[in-house]
Amino acid sequence: MRSSNSGPTGDDPLNQGSGPVSILRQPGAVWATAGASVVAFMGIGLVDPILPSIAKGLEATPSQVSLLFTSYFLITAVAMLVTGFVSSRIGGKKTLLAGLALVVVFAALSGTSGSVGELVGFRAGWGLGNALFVSTSLAVIVGAAAGGSAAAILLYESALGLGMACGPLLGAVLGDASWRYPFFGTAALMAIGFLAITAFLKEQPRPARKTSLLDPVKALGHGGLASAAASAFFYNYAFFTILAFTPFVLNMSPYRSGAVFFAWGVLLAVFSVLVAPRLQKRFGSLKVLGGSLLLLAVDLVVLGYGNHTAAVVGTIVSGAFIGLNNTVYTELALGVSDAPRPVASAGYNFVRWFAAAAAPFLAPKIEEWTNIHIPFVVAAVAAVVGAGIVGVRRASLRHEAEELEPRHRTEDGVAVFAN
């Protein structure tokens with residue numbers, strides 16, 4: 001198990017002994033990277049409000065359109081084995097710019113798609129670019145930030161929450177005119193981010209040790225990390241059933257669907273950044289995680305069997321549980337093994353993103369085979385299984401959960417991306 005280098009965290013889970021937190025007084029490089037991070041995270045939920053419009057415009061079924069998520073996250077999962085390899089060799093700035101360039105190209109191409117097959121393929125290229133950018137951005141922000149790493153981490157998590165909240169809103173506003181416009185809008189915003197990072201960000205120091213492609217897989221040989229990854233796999237299936245399948249169930253206009261997922265994203269951000277640390281301090285990480293997973297399962301059943309109003313409320317409320325889970329899983333993944341944090345995080349994400357790829361494809365298929373309620377039942381069962389793994393494997397997770405080092409630290413200049 002990893003020993004703490006910085007001592008107990010005390011009352012402030014973000015306190016890393018780096019002095020007072022100053023989130024607003026940051027150099028231009030930090031704001032440029034954080035701004036691009038917001039847009040990168042927006043890309044995850046961007047298509048939510050326009051999924052029905054895409055299906056109609058391209059004459060595709062819900063299961064075909066859901067492949068937009070599957071291709072995106074399948075490539076993201078595999079890319080987790082590559083990002084550390086790349087960034088440890090060419091440096092953080094070049095990795096960021098390469099990721100941004102890929103997003104600009106493939107987001108723009110997505111808007112020109114003439115078939116759902118083309119769109120799915122372009123989203124895969126987008127996923128590779130997003131993986132390169134997001135997996136490196138935290139290390140770059142920490143390396144360039146003023147006021148210590150605590151301020152940088154808070155800024156990064158705020159960017160994550162803002163992006164997850166605003167993605168559906170942007171998709172709704174632009175998608176109301178045409179489902180193609182959100183893709184062109186994202187390409188334009190990321191191009192601005194590319195120029196800003198080129199102008200303001202200096203090259204970051206490269207890590208002393210280069211990461212191999214197999215290091216993340218080898219790290220999964222640790223029982224605690226494997227347990228955290230397995231539990232997160234089932235949790236992510238539940239998470240992305242909500243994100244990718246619910247828009248078809250709600251069957252609302254892009255504006256209304258965007259408003260629902262904006263509220264969902266706001267709750268996700270608030271509970272991830274503000275509520276989770278307080279609950280962890282009072283109840284402990286494992287109890288918070290297990291309880292949140294079980295409550296998410298209940299919420300999924302209500303979402304699946306309730307009326308339309310209950311489905312809307314259930315979708316929004318799920319953001320609170322997802323925010324809690326994201327934070328606790330991240331901490332467990334970073335503190336549970338002796339592997340360097342970037343390597344452990346890459347192995348953990350390699351496992352869990354496969355569920356994010358599977359759920360958008362399987363949920364509509366399950367509906368076709370059964371009825372509209374069963375996909376949510378399957379997702380609820382997945383959440384319960386995730387909670388069960390935490391309970392059964394609590395001995396291998398408890399020490400790290402009780403004595404976690406400060407959250408989201410980086411090691412050797414390589415990003416830790418787990419949210």
# chains A, B, ... in the order shown; residues from 1 in each chain; ligands from 1
>>> closest_atom_pairs(of="stretch 41-118 of chain A", to="stretch 350-364 of chain A", cutoff="12 Å", atoms="only C-alpha atoms", output="Markdown table")
| residue | atom | partner | partner_atom | distance |
| --- | --- | --- | --- | --- |
| A:Ile44 | CA | A:Ala356 | CA | 11.0 |
| A:Asp48 | CA | A:Pro360 | CA | 11.4 |
| A:Leu51 | CA | A:Pro360 | CA | 11.6 |
| A:Thr61 | CA | A:Pro364 | CA | 9.0 |
| A:Pro62 | CA | A:Pro364 | CA | 6.3 |
| A:Ser63 | CA | A:Pro364 | CA | 5.0 |
| A:Gln64 | CA | A:Phe361 | CA | 7.8 |
| A:Val65 | CA | A:Phe361 | CA | 8.8 |
| A:Ser66 | CA | A:Pro360 | CA | 5.2 |
| A:Leu67 | CA | A:Phe361 | CA | 5.9 |
| A:Leu68 | CA | A:Pro360 | CA | 8.3 |
| A:Phe69 | CA | A:Pro360 | CA | 6.2 |
| A:Thr70 | CA | A:Ala357 | CA | 3.9 |
| A:Ser71 | CA | A:Ala357 | CA | 6.7 |
| A:Tyr72 | CA | A:Ala357 | CA | 7.3 |
| A:Phe73 | CA | A:Ala357 | CA | 4.9 |
| A:Leu74 | CA | A:Ala357 | CA | 5.2 |
| A:Ile75 | CA | A:Ala357 | CA | 8.7 |
| A:Thr76 | CA | A:Trp353 | CA | 7.0 |
| A:Ala77 | CA | A:Phe350 | CA | 4.7 |
| A:Val78 | CA | A:Phe350 | CA | 6.3 |
| A:Ala79 | CA | A:Phe350 | CA | 8.0 |
| A:Met80 | CA | A:Phe350 | CA | 5.7 |
| A:Leu81 | CA | A:Phe350 | CA | 7.0 |
| A:Val82 | CA | A:Phe350 | CA | 10.2 |
| A:Thr83 | CA | A:Phe350 | CA | 11.1 |
>>> write_last_selection(atoms="N, CA and C atoms", output="PDB file, in the first residue's frame")
ATOM      1  N   ILE A  44     -18.783  15.435 -23.830  1.00  0.00           N
ATOM      2  CA  ILE A  44     -19.348  14.167 -23.368  1.00  0.00           C
ATOM      3  C   ILE A  44     -20.871  14.197 -23.435  1.00  0.00           C
ATOM      4  N   ASP A  48     -26.518  14.648 -25.949  1.00  0.00           N
ATOM      5  CA  ASP A  48     -27.696  14.179 -25.216  1.00  0.00           C
ATOM      6  C   ASP A  48     -29.012  14.771 -25.722  1.00  0.00           C
ATOM      7  N   LEU A  51     -29.979  13.610 -29.487  1.00  0.00           N
ATOM      8  CA  LEU A  51     -30.001  12.216 -29.938  1.00  0.00           C
ATOM      9  C   LEU A  51     -31.258  11.890 -30.753  1.00  0.00           C
ATOM     10  N   THR A  61     -32.029   4.171 -35.887  1.00  0.00           N
ATOM     11  CA  THR A  61     -32.716   3.699 -34.691  1.00  0.00           C
ATOM     12  C   THR A  61     -31.999   4.215 -33.446  1.00  0.00           C
ATOM     13  N   PRO A  62     -32.676   4.211 -32.289  1.00  0.00           N
ATOM     14  CA  PRO A  62     -31.998   4.621 -31.049  1.00  0.00           C
ATOM     15  C   PRO A  62     -30.732   3.832 -30.773  1.00  0.00           C
ATOM     16  N   SER A  63     -30.733   2.520 -31.020  1.00  0.00           N
ATOM     17  CA  SER A  63     -29.532   1.725 -30.761  1.00  0.00           C
ATOM     18  C   SER A  63     -28.392   2.120 -31.691  1.00  0.00           C
ATOM     19  N   GLN A  64     -28.709   2.497 -32.926  1.00  0.00           N
ATOM     20  CA  GLN A  64     -27.661   2.950 -33.842  1.00  0.00           C
ATOM     21  C   GLN A  64     -27.085   4.285 -33.402  1.00  0.00           C
ATOM     22  N   VAL A  65     -27.961   5.209 -33.009  1.00  0.00           N
ATOM     23  CA  VAL A  65     -27.495   6.525 -32.576  1.00  0.00           C
ATOM     24  C   VAL A  65     -26.704   6.427 -31.277  1.00  0.00           C
ATOM     25  N   SER A  66     -27.067   5.508 -30.412  1.00  0.00           N
ATOM     26  CA  SER A  66     -26.345   5.339 -29.152  1.00  0.00           C
ATOM     27  C   SER A  66     -24.909   4.894 -29.365  1.00  0.00           C
ATOM     28  N   LEU A  67     -24.608   4.401 -30.556  1.00  0.00           N
ATOM     29  CA  LEU A  67     -23.229   4.035 -30.857  1.00  0.00           C
ATOM     30  C   LEU A  67     -22.311   5.252 -30.863  1.00  0.00           C
ATOM     31  N   LEU A  68     -22.895   6.461 -30.905  1.00  0.00           N
ATOM     32  CA  LEU A  68     -22.073   7.672 -30.782  1.00  0.00           C
ATOM     33  C   LEU A  68     -21.321   7.664 -29.464  1.00  0.00           C
ATOM     34  N   PHE A  69     -21.970   7.205 -28.408  1.00  0.00           N
ATOM     35  CA  PHE A  69     -21.303   7.078 -27.121  1.00  0.00           C
ATOM     36  C   PHE A  69     -20.369   5.864 -27.104  1.00  0.00           C
ATOM     37  N   THR A  70     -20.820   4.755 -27.682  1.00  0.00           N
ATOM     38  CA  THR A  70     -20.028   3.529 -27.644  1.00  0.00           C
ATOM     39  C   THR A  70     -18.685   3.716 -28.329  1.00  0.00           C
ATOM     40  N   SER A  71     -18.684   4.263 -29.537  1.00  0.00           N
ATOM     41  CA  SER A  71     -17.425   4.462 -30.260  1.00  0.00           C
ATOM     42  C   SER A  71     -16.530   5.449 -29.530  1.00  0.00           C
ATOM     43  N   TYR A  72     -17.135   6.494 -28.990  1.00  0.00           N
ATOM     44  CA  TYR A  72     -16.390   7.538 -28.275  1.00  0.00           C
ATOM     45  C   TYR A  72     -15.665   6.946 -27.065  1.00  0.00           C
ATOM     46  N   PHE A  73     -16.392   6.200 -26.236  1.00  0.00           N
ATOM     47  CA  PHE A  73     -15.801   5.709 -24.995  1.00  0.00           C
ATOM     48  C   PHE A  73     -14.980   4.439 -25.187  1.00  0.00           C
ATOM     49  N   LEU A  74     -15.258   3.679 -26.230  1.00  0.00           N
ATOM     50  CA  LEU A  74     -14.410   2.522 -26.504  1.00  0.00           C
ATOM     51  C   LEU A  74     -13.000   2.982 -26.883  1.00  0.00           C
ATOM     52  N   ILE A  75     -12.930   3.984 -27.718  1.00  0.00           N
ATOM     53  CA  ILE A  75     -11.622   4.532 -28.082  1.00  0.00           C
ATOM     54  C   ILE A  75     -10.975   5.198 -26.869  1.00  0.00           C
ATOM     55  N   THR A  76     -11.782   5.882 -26.055  1.00  0.00           N
ATOM     56  CA  THR A  76     -11.247   6.511 -24.844  1.00  0.00           C
ATOM     57  C   THR A  76     -10.625   5.464 -23.925  1.00  0.00           C
ATOM     58  N   ALA A  77     -11.295   4.316 -23.773  1.00  0.00           N
ATOM     59  CA  ALA A  77     -10.777   3.256 -22.900  1.00  0.00           C
ATOM     60  C   ALA A  77      -9.423   2.755 -23.385  1.00  0.00           C
ATOM     61  N   VAL A  78      -9.346   2.443 -24.659  1.00  0.00           N
ATOM     62  CA  VAL A  78      -8.085   1.944 -25.212  1.00  0.00           C
ATOM     63  C   VAL A  78      -7.005   3.019 -25.148  1.00  0.00           C
ATOM     64  N   ALA A  79      -7.414   4.270 -25.387  1.00  0.00           N
ATOM     65  CA  ALA A  79      -6.447   5.374 -25.387  1.00  0.00           C
ATOM     66  C   ALA A  79      -5.824   5.599 -24.015  1.00  0.00           C
ATOM     67  N   MET A  80      -6.479   5.130 -22.947  1.00  0.00           N
ATOM     68  CA  MET A  80      -5.905   5.279 -21.620  1.00  0.00           C
ATOM     69  C   MET A  80      -4.563   4.555 -21.493  1.00  0.00           C
ATOM     70  N   LEU A  81      -4.350   3.531 -22.313  1.00  0.00           N
ATOM     71  CA  LEU A  81      -3.064   2.838 -22.315  1.00  0.00           C
ATOM     72  C   LEU A  81      -2.011   3.611 -23.103  1.00  0.00           C
ATOM     73  N   VAL A  82      -2.454   4.583 -23.876  1.00  0.00           N
ATOM     74  CA  VAL A  82      -1.558   5.289 -24.787  1.00  0.00           C
ATOM     75  C   VAL A  82      -1.173   6.673 -24.287  1.00  0.00           C
ATOM     76  N   THR A  83      -2.088   7.327 -23.559  1.00  0.00           N
ATOM     77  CA  THR A  83      -1.859   8.732 -23.223  1.00  0.00           C
ATOM     78  C   THR A  83      -0.602   8.943 -22.386  1.00  0.00           C
TER      79      THR A  83
END
>>> select_by_dssp(residues="stretch 127-281 of chain A", states="helix (DSSP H, G or I)", output="ChimeraX atom specification")
/A:127-144,149-175,181-200,215-219,223-250,254-281
>>> residues_around(residues="stretch 300-306 of chain A", least_positions_apart="5", cutoff="7 Å", atoms="only C-alpha atoms", output="list in words")
Ala311, Gly314, Thr315, His373, Phe376, Val377 and Ala380 of chain A
>>> closest_residue(among="A:Val298, A:Leu293, A:Val47, A:Leu268", to="A:Val120", atoms="only C-alpha atoms")
A:Val47
>>> atom_distance(atom1="atom CA of A:Gly193", atom2="atom CA of A:Val173")
20.8 Å
>>> closest_residue(among="A:Ala333, A:Leu289, A:Ala383, A:Val260", to="A:Val313", atoms="only C-alpha atoms")
A:Val260
>>> closest_residue(among="A:Ser137, A:Ala244, A:Glu331, A:Val104", to="A:Phe122", atoms="only C-alpha atoms")
A:Val104
>>> atom_distance(atom1="atom CA of A:Gly175", atom2="atom CA of A:Ile50")
6.1 Å
>>> residues_around(residues="A:Leu109", least_positions_apart="3", cutoff="12 Å", atoms="only C-alpha atoms", output="ChimeraX atom specification")
/A:102-106,112-115,118-126,180-187
>>> closest_residue(among="A:Leu138, A:Leu170, A:Ala98, A:Val86", to="A:Met42", atoms="only C-alpha atoms")
A:Leu170
>>> atom_distance(atom1="atom CA of A:Ala232", atom2="atom CA of A:Asn251")
28.7 Å
>>> closest_residue(among="A:Ile316, A:Leu201, A:Ala172, A:Val275", to="A:Trp31", atoms="only C-alpha atoms")
A:Leu201
>>> closest_residue(among="A:Lys202, A:Arg25, A:Lys210, A:Arg394", to="A:Lys287", atoms="only C-alpha atoms")
A:Arg394
